[in-house]
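Some notes on the structure that comes next.
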Amino acid sequence: MSFDPGNRLIAAIDAPNRGDADALVERLGGVPSWCKIGLELFCAEGPSIVADYVARGRRVMLDLKLHDIPETVSRATGRVAALGAGLLTVHAGGGKAMLEAAVKAAGTMRVLAVTVLTSLDDADLAQIGAQGPLRELVVRRAQLAIAAGCSGVVASPHEIASIRAIAPEGFLIVTPGVRPAGAAVGDQKRVMTPREARLAGADLVVVGRPLRDSADPAAAARSIVAELS
């Protein structure tokens, strides 16, 4: 089944509760094609917010980065698929069997394997005992995701070209760590602008704080969409 990325912008709805989330979605004015619900909002509001947003016609990426034994991830993935989310993140560090279990339970929902968080660099990998260099680890985990049947990966824009070189046609690369020129980087360490990420080959980009903290989130979103086109 072919995948329609829309305008390629995923807005991270980083809000502490449903009221703030709805207010941000309203201020975005329907510009982003996707809403990303992450851990903070999911823990505050539970699965119902996913089902409700889907029922209202919103395309949802549920960013839970599932990482557990295969049976647990399989069952959790099945629950998420029943909510109607279009994209679900699981952590590639959970291994091939876990990734395969998620894919098998996902039905038509697409599973994205998170490679290495964009808040990490080579020094962080050394500190946690992960075998780098970072770009090589990202590629190894992308290869694992491909072998397990995942629909794509989540990776920083700096690793896109290396993943494209080994990925099959239609394999999705979803890119966080995207910041418009001049925006604060925050805790992200591997960043690019929306235009740079798209030119590098990103299928979709995730943008959070530059939208949430803008005086006019809809205008900020339109500016990013223009870069992505």
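Ligands are numbered from 1 in the order shown, residues from 1 within each chain, and chains are lettered A, B, ... in the order they appear in the structure tokens.
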
Picked from region 9-219 of chain A by DSSP as alpha helix (DSSP H), as a PyMOL selection string: chain A and resi 18-28+39-45+47-55+70-83+96-106+122-128+134-148+160-164+194-200+209-212+217-219

Test item, strand (DSSP E or B) assignment across region 85-128 of chain A, answer as a PDB file with N, CA, C and O atoms, in the first residue's frame:
ATOM      1  N   LEU A  87       1.295   5.962  12.290  1.00  0.00           N
ATOM      2  CA  LEU A  87       2.710   5.670  12.495  1.00  0.00           C
ATOM      3  C   LEU A  87       2.945   5.399  13.977  1.00  0.00           C
ATOM      4  O   LEU A  87       2.368   6.071  14.837  1.00  0.00           O
ATOM      5  N   LEU A  88       3.800   4.426  14.266  1.00  0.00           N
ATOM      6  CA  LEU A  88       4.186   4.103  15.639  1.00  0.00           C
ATOM      7  C   LEU A  88       5.688   3.925  15.694  1.00  0.00           C
ATOM      8  O   LEU A  88       6.279   3.254  14.837  1.00  0.00           O
ATOM      9  N   THR A  89       6.314   4.512  16.722  1.00  0.00           N
ATOM     10  CA  THR A  89       7.748   4.319  16.886  1.00  0.00           C
ATOM     11  C   THR A  89       8.045   3.218  17.904  1.00  0.00           C
ATOM     12  O   THR A  89       7.405   3.113  18.947  1.00  0.00           O
ATOM     13  N   VAL A  90       9.019   2.405  17.551  1.00  0.00           N
ATOM     14  CA  VAL A  90       9.589   1.414  18.457  1.00  0.00           C
ATOM     15  C   VAL A  90      11.104   1.615  18.427  1.00  0.00           C
ATOM     16  O   VAL A  90      11.626   2.239  17.508  1.00  0.00           O
ATOM     17  N   HIS A  91      11.792   1.121  19.420  1.00  0.00           N
ATOM     18  CA  HIS A  91      13.233   1.386  19.483  1.00  0.00           C
ATOM     19  C   HIS A  91      14.025   0.260  18.841  1.00  0.00           C
ATOM     20  O   HIS A  91      13.884  -0.904  19.227  1.00  0.00           O
ATOM     21  N   ARG A 110       2.035   1.741  10.118  1.00  0.00           N
ATOM     22  CA  ARG A 110       3.454   1.637   9.779  1.00  0.00           C
ATOM     23  C   ARG A 110       4.321   1.772  11.030  1.00  0.00           C
ATOM     24  O   ARG A 110       4.105   2.676  11.844  1.00  0.00           O
ATOM     25  N   VAL A 111       5.276   0.866  11.148  1.00  0.00           N
ATOM     26  CA  VAL A 111       6.190   0.851  12.285  1.00  0.00           C
ATOM     27  C   VAL A 111       7.501   1.508  11.880  1.00  0.00           C
ATOM     28  O   VAL A 111       8.110   1.153  10.871  1.00  0.00           O
ATOM     29  N   LEU A 112       7.924   2.480  12.695  1.00  0.00           N
ATOM     30  CA  LEU A 112       9.188   3.181  12.485  1.00  0.00           C
ATOM     31  C   LEU A 112      10.155   2.815  13.600  1.00  0.00           C
ATOM     32  O   LEU A 112       9.804   2.916  14.786  1.00  0.00           O
ATOM     33  N   ALA A 113      11.350   2.406  13.238  1.00  0.00           N
ATOM     34  CA  ALA A 113      12.359   2.060  14.231  1.00  0.00           C
ATOM     35  C   ALA A 113      13.219   3.286  14.541  1.00  0.00           C
ATOM     36  O   ALA A 113      13.814   3.880  13.639  1.00  0.00           O
ATOM     37  N   VAL A 114      13.262   3.657  15.798  1.00  0.00           N
ATOM     38  CA  VAL A 114      14.114   4.766  16.223  1.00  0.00           C
ATOM     39  C   VAL A 114      15.547   4.255  16.280  1.00  0.00           C
ATOM     40  O   VAL A 114      15.834   3.260  16.949  1.00  0.00           O
TER      41      VAL A 114
END

Polymer residues at most 8 Å from Leu144 (chain A), only C-alpha atoms, same-chain spacing of 3 or more positions, as a list in words: Ala92, Gly95, Lys96, Arg140, Arg141, Ala147 and Ala148 of chain A

Write the residues of the preceding selection, restricted to N, CA and C atoms, as a short mmCIF file (atom, residue, chain, number, x, y, z; two decimals), in the first residue's frame.
data_model
loop_
_atom_site.label_atom_id
_atom_site.label_comp_id
_atom_site.auth_asym_id
_atom_site.auth_seq_id
_atom_site.Cartn_x
_atom_site.Cartn_y
_atom_site.Cartn_z
N ALA A 92 14.86 0.60 17.87
CA ALA A 92 15.66 -0.41 17.18
C ALA A 92 16.58 -1.16 18.14
N GLY A 95 16.12 -4.94 19.28
CA GLY A 95 16.53 -6.14 18.54
C GLY A 95 15.56 -6.57 17.47
N LYS A 96 16.03 -7.48 16.61
CA LYS A 96 15.25 -7.89 15.44
C LYS A 96 13.95 -8.59 15.81
N ARG A 140 23.63 0.56 11.05
CA ARG A 140 23.42 -0.83 11.49
C ARG A 140 21.99 -1.03 11.97
N ARG A 141 21.48 -0.08 12.70
CA ARG A 141 20.12 -0.21 13.21
C ARG A 141 19.10 -0.05 12.08
N ALA A 147 15.60 -5.43 7.71
CA ALA A 147 15.52 -6.89 7.78
C ALA A 147 14.28 -7.35 8.53
N ALA A 148 13.82 -6.56 9.50
CA ALA A 148 12.66 -6.93 10.31
C ALA A 148 11.34 -6.55 9.64
#

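Of the listed residues (A:Met61, A:Ala12, A:Ile69, A:Leu134), A:Met61 comes nearest to Ala81 (chain A); the distances count only C-alpha atoms.
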
Give me the residues within 9 Å of Ala85 (chain A) as a PDB file with N, CA, C and O atoms, in the first residue's frame, counting only C-alpha atoms and dropping any in the same chain fewer than 4 places off.
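Saved as out-v8.pdb:
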ATOM      1  N   VAL A  50      -5.571   9.587  21.278  1.00  0.00           N
ATOM      2  CA  VAL A  50      -5.201   9.109  19.944  1.00  0.00           C
ATOM      3  C   VAL A  50      -6.458   8.777  19.145  1.00  0.00           C
ATOM      4  O   VAL A  50      -6.634   9.244  18.006  1.00  0.00           O
ATOM      5  N   ALA A  51      -7.331   7.984  19.742  1.00  0.00           N
ATOM      6  CA  ALA A  51      -8.556   7.589  19.048  1.00  0.00           C
ATOM      7  C   ALA A  51      -9.408   8.798  18.692  1.00  0.00           C
ATOM      8  O   ALA A  51     -10.006   8.867  17.606  1.00  0.00           O
ATOM      9  N   VAL A  54      -7.844  10.786  15.778  1.00  0.00           N
ATOM     10  CA  VAL A  54      -8.072  10.041  14.535  1.00  0.00           C
ATOM     11  C   VAL A  54      -9.516  10.217  14.080  1.00  0.00           C
ATOM     12  O   VAL A  54      -9.791  10.451  12.895  1.00  0.00           O
ATOM     13  N   ARG A  59      -4.175  12.841  11.224  1.00  0.00           N
ATOM     14  CA  ARG A  59      -3.239  11.734  11.026  1.00  0.00           C
ATOM     15  C   ARG A  59      -2.242  11.760  12.178  1.00  0.00           C
ATOM     16  O   ARG A  59      -1.561  12.763  12.396  1.00  0.00           O
ATOM     17  N   VAL A  60      -2.158  10.654  12.898  1.00  0.00           N
ATOM     18  CA  VAL A  60      -1.396  10.626  14.145  1.00  0.00           C
ATOM     19  C   VAL A  60      -0.167   9.732  14.034  1.00  0.00           C
ATOM     20  O   VAL A  60      -0.248   8.582  13.608  1.00  0.00           O
ATOM     21  N   MET A  61       0.955  10.297  14.454  1.00  0.00           N
ATOM     22  CA  MET A  61       2.160   9.518  14.714  1.00  0.00           C
ATOM     23  C   MET A  61       2.257   9.393  16.227  1.00  0.00           C
ATOM     24  O   MET A  61       2.334  10.392  16.937  1.00  0.00           O
ATOM     25  N   LEU A  62       2.209   8.168  16.728  1.00  0.00           N
ATOM     26  CA  LEU A  62       2.329   7.932  18.164  1.00  0.00           C
ATOM     27  C   LEU A  62       3.775   7.570  18.473  1.00  0.00           C
ATOM     28  O   LEU A  62       4.273   6.520  18.061  1.00  0.00           O
ATOM     29  N   VAL A  80      -2.223  -0.131  19.866  1.00  0.00           N
ATOM     30  CA  VAL A  80      -2.062   1.146  19.171  1.00  0.00           C
ATOM     31  C   VAL A  80      -2.713   1.094  17.793  1.00  0.00           C
ATOM     32  O   VAL A  80      -3.384   2.038  17.363  1.00  0.00           O
ATOM     33  N   ALA A  81      -2.529  -0.017  17.091  1.00  0.00           N
ATOM     34  CA  ALA A  81      -3.122  -0.149  15.760  1.00  0.00           C
ATOM     35  C   ALA A  81      -4.639  -0.016  15.833  1.00  0.00           C
ATOM     36  O   ALA A  81      -5.268   0.588  14.951  1.00  0.00           O
ATOM     37  N   MET A 109      -0.943  -0.200  10.014  1.00  0.00           N
ATOM     38  CA  MET A 109      -0.160   0.869  10.637  1.00  0.00           C
ATOM     39  C   MET A 109       1.316   0.652  10.323  1.00  0.00           C
ATOM     40  O   MET A 109       1.806  -0.476  10.276  1.00  0.00           O
ATOM     41  N   ARG A 110       2.035   1.741  10.118  1.00  0.00           N
ATOM     42  CA  ARG A 110       3.454   1.637   9.779  1.00  0.00           C
ATOM     43  C   ARG A 110       4.321   1.772  11.030  1.00  0.00           C
ATOM     44  O   ARG A 110       4.105   2.676  11.844  1.00  0.00           O
TER      45      ARG A 110
END

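Among the candidate residues A:Ile128, A:Ala219, A:Leu9, A:Ala106, the one lying nearest to Gly149 (chain A) is A:Ala106, with distances computed using only C-alpha atoms.
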
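In this comparison, which uses only C-alpha atoms, the residue of A:Leu199, A:Ile10, A:Leu83, A:Val139 approaching Leu211 (chain A) most closely is A:Ile10.
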
All residues 9 Å or closer to Thr193 (chain A), only C-alpha atoms, same chain fewer than 5 positions away omitted, as a ChimeraX atom specification: /A:157,177-181,198,224,227

A:Lys104, A:Asp124, A:Lys36, A:Gly30 ranked by distance to Gly57 (chain A), top pick (using only C-alpha atoms): A:Gly30

Exercise: region 151-156 of chain A partners within 10 Å, only C-alpha atoms, chain neighbours under 4 positions left out, as a ChimeraX atom specification: /A:3,87,89-92,103,109-119,135,138-139,141-143,145-146,160,163,167-168,170-178,188-192,197,202-206

Selection from above, N, CA and C atoms, as a short mmCIF file (atom, residue, chain, number, x, y, z; two decimals), in the first residue's frame, can you write it?
data_model
loop_
_atom_site.label_atom_id
_atom_site.label_comp_id
_atom_site.auth_asym_id
_atom_site.auth_seq_id
_atom_site.Cartn_x
_atom_site.Cartn_y
_atom_site.Cartn_z
N PHE A 3 2.20 5.09 0.40
CA PHE A 3 2.16 5.99 1.54
C PHE A 3 2.07 7.42 1.06
N LEU A 87 1.29 5.96 12.29
CA LEU A 87 2.71 5.67 12.49
C LEU A 87 2.94 5.40 13.98
N THR A 89 6.31 4.51 16.72
CA THR A 89 7.75 4.32 16.89
C THR A 89 8.05 3.22 17.90
N VAL A 90 9.02 2.40 17.55
CA VAL A 90 9.59 1.41 18.46
C VAL A 90 11.10 1.61 18.43
N HIS A 91 11.79 1.12 19.42
CA HIS A 91 13.23 1.39 19.48
C HIS A 91 14.03 0.26 18.84
N ALA A 92 14.86 0.60 17.87
CA ALA A 92 15.66 -0.41 17.18
C ALA A 92 16.58 -1.16 18.14
N VAL A 103 6.00 -5.34 13.84
CA VAL A 103 5.52 -5.30 12.45
C VAL A 103 4.36 -6.27 12.25
N MET A 109 -0.94 -0.20 10.01
CA MET A 109 -0.16 0.87 10.64
C MET A 109 1.32 0.65 10.32
N ARG A 110 2.03 1.74 10.12
CA ARG A 110 3.45 1.64 9.78
C ARG A 110 4.32 1.77 11.03
N VAL A 111 5.28 0.87 11.15
CA VAL A 111 6.19 0.85 12.28
C VAL A 111 7.50 1.51 11.88
N LEU A 112 7.92 2.48 12.69
CA LEU A 112 9.19 3.18 12.49
C LEU A 112 10.16 2.81 13.60
N ALA A 113 11.35 2.41 13.24
CA ALA A 113 12.36 2.06 14.23
C ALA A 113 13.22 3.29 14.54
N VAL A 114 13.26 3.66 15.80
CA VAL A 114 14.11 4.77 16.22
C VAL A 114 15.55 4.25 16.28
N THR A 115 16.44 4.94 15.58
CA THR A 115 17.83 4.48 15.50
C THR A 115 18.63 4.97 16.70
N VAL A 116 19.02 6.24 16.70
CA VAL A 116 19.75 6.84 17.82
C VAL A 116 19.12 8.21 18.07
N LEU A 117 18.80 8.50 19.31
CA LEU A 117 18.15 9.77 19.63
C LEU A 117 18.98 10.96 19.16
N THR A 118 18.29 12.01 18.69
CA THR A 118 19.01 13.18 18.18
C THR A 118 19.63 14.02 19.29
N SER A 119 19.38 13.66 20.53
CA SER A 119 20.03 14.35 21.65
C SER A 119 21.38 13.73 22.00
N ARG A 135 27.26 7.44 13.34
CA ARG A 135 26.65 7.23 12.03
C ARG A 135 26.64 5.74 11.66
N VAL A 138 23.80 4.08 13.56
CA VAL A 138 22.51 4.40 12.94
C VAL A 138 22.27 3.51 11.72
N VAL A 139 23.29 3.34 10.89
CA VAL A 139 23.14 2.52 9.68
C VAL A 139 22.91 1.06 10.06
N ARG A 141 21.48 -0.08 12.70
CA ARG A 141 20.12 -0.21 13.21
C ARG A 141 19.10 -0.05 12.08
N ALA A 142 19.42 0.78 11.09
CA ALA A 142 18.53 0.88 9.92
C ALA A 142 18.50 -0.45 9.17
N GLN A 143 19.65 -1.08 9.02
CA GLN A 143 19.70 -2.39 8.36
C GLN A 143 18.86 -3.41 9.13
N ALA A 145 16.25 -2.72 10.98
CA ALA A 145 14.84 -2.37 10.75
C ALA A 145 14.37 -2.86 9.39
N ILE A 146 15.21 -2.73 8.39
CA ILE A 146 14.86 -3.22 7.04
C ILE A 146 14.66 -4.73 7.07
N ILE A 160 20.75 10.71 6.93
CA ILE A 160 19.81 10.36 5.87
C ILE A 160 20.52 9.73 4.67
N ILE A 163 21.59 6.19 5.18
CA ILE A 163 20.47 5.24 5.21
C ILE A 163 19.91 5.03 3.81
N ALA A 167 18.82 1.51 1.84
CA ALA A 167 17.38 1.27 2.04
C ALA A 167 16.68 0.91 0.74
N PRO A 168 15.65 0.07 0.80
CA PRO A 168 14.86 -0.24 -0.39
C PRO A 168 13.95 0.93 -0.75
N GLY A 170 10.86 3.19 -1.18
CA GLY A 170 9.67 3.34 -0.35
C GLY A 170 9.92 3.29 1.14
N PHE A 171 11.15 3.04 1.55
CA PHE A 171 11.50 3.00 2.97
C PHE A 171 11.49 4.43 3.51
N LEU A 172 10.73 4.65 4.58
CA LEU A 172 10.54 6.00 5.09
C LEU A 172 11.67 6.41 6.03
N ILE A 173 12.09 7.66 5.87
CA ILE A 173 13.01 8.27 6.83
C ILE A 173 12.31 9.48 7.43
N VAL A 174 12.02 9.38 8.71
CA VAL A 174 11.36 10.45 9.44
C VAL A 174 12.40 11.13 10.32
N THR A 175 12.44 12.45 10.22
CA THR A 175 13.58 13.19 10.76
C THR A 175 13.19 14.19 11.83
N PRO A 176 13.56 13.92 13.09
CA PRO A 176 13.47 14.95 14.12
C PRO A 176 14.76 15.79 14.08
N GLY A 177 14.95 16.65 15.06
CA GLY A 177 16.15 17.47 15.05
C GLY A 177 16.13 18.47 13.92
N VAL A 178 14.94 18.92 13.54
CA VAL A 178 14.80 19.90 12.47
C VAL A 178 14.45 21.25 13.10
N GLN A 188 18.90 19.32 21.26
CA GLN A 188 19.22 18.56 20.05
C GLN A 188 20.69 18.80 19.68
N LYS A 189 21.35 17.74 19.23
CA LYS A 189 22.77 17.85 18.89
C LYS A 189 23.05 17.63 17.41
N ARG A 190 22.11 17.01 16.68
CA ARG A 190 22.33 16.73 15.25
C ARG A 190 21.15 17.31 14.49
N VAL A 191 21.29 18.55 14.06
CA VAL A 191 20.15 19.28 13.51
C VAL A 191 20.43 19.78 12.09
N MET A 192 19.35 20.08 11.36
CA MET A 192 19.39 20.76 10.07
C MET A 192 18.13 21.60 9.95
N ALA A 197 17.04 19.21 5.42
CA ALA A 197 16.60 17.84 5.69
C ALA A 197 15.89 17.25 4.48
N ALA A 202 14.84 13.40 3.49
CA ALA A 202 13.83 13.09 4.51
C ALA A 202 12.45 13.00 3.87
N ASP A 203 11.68 12.00 4.28
CA ASP A 203 10.29 11.88 3.81
C ASP A 203 9.35 12.77 4.62
N LEU A 204 9.56 12.80 5.93
CA LEU A 204 8.78 13.65 6.82
C LEU A 204 9.72 14.24 7.86
N VAL A 205 9.39 15.43 8.32
CA VAL A 205 10.19 16.04 9.38
C VAL A 205 9.29 16.32 10.58
N VAL A 206 9.87 16.18 11.76
CA VAL A 206 9.15 16.43 13.01
C VAL A 206 9.65 17.75 13.58
#
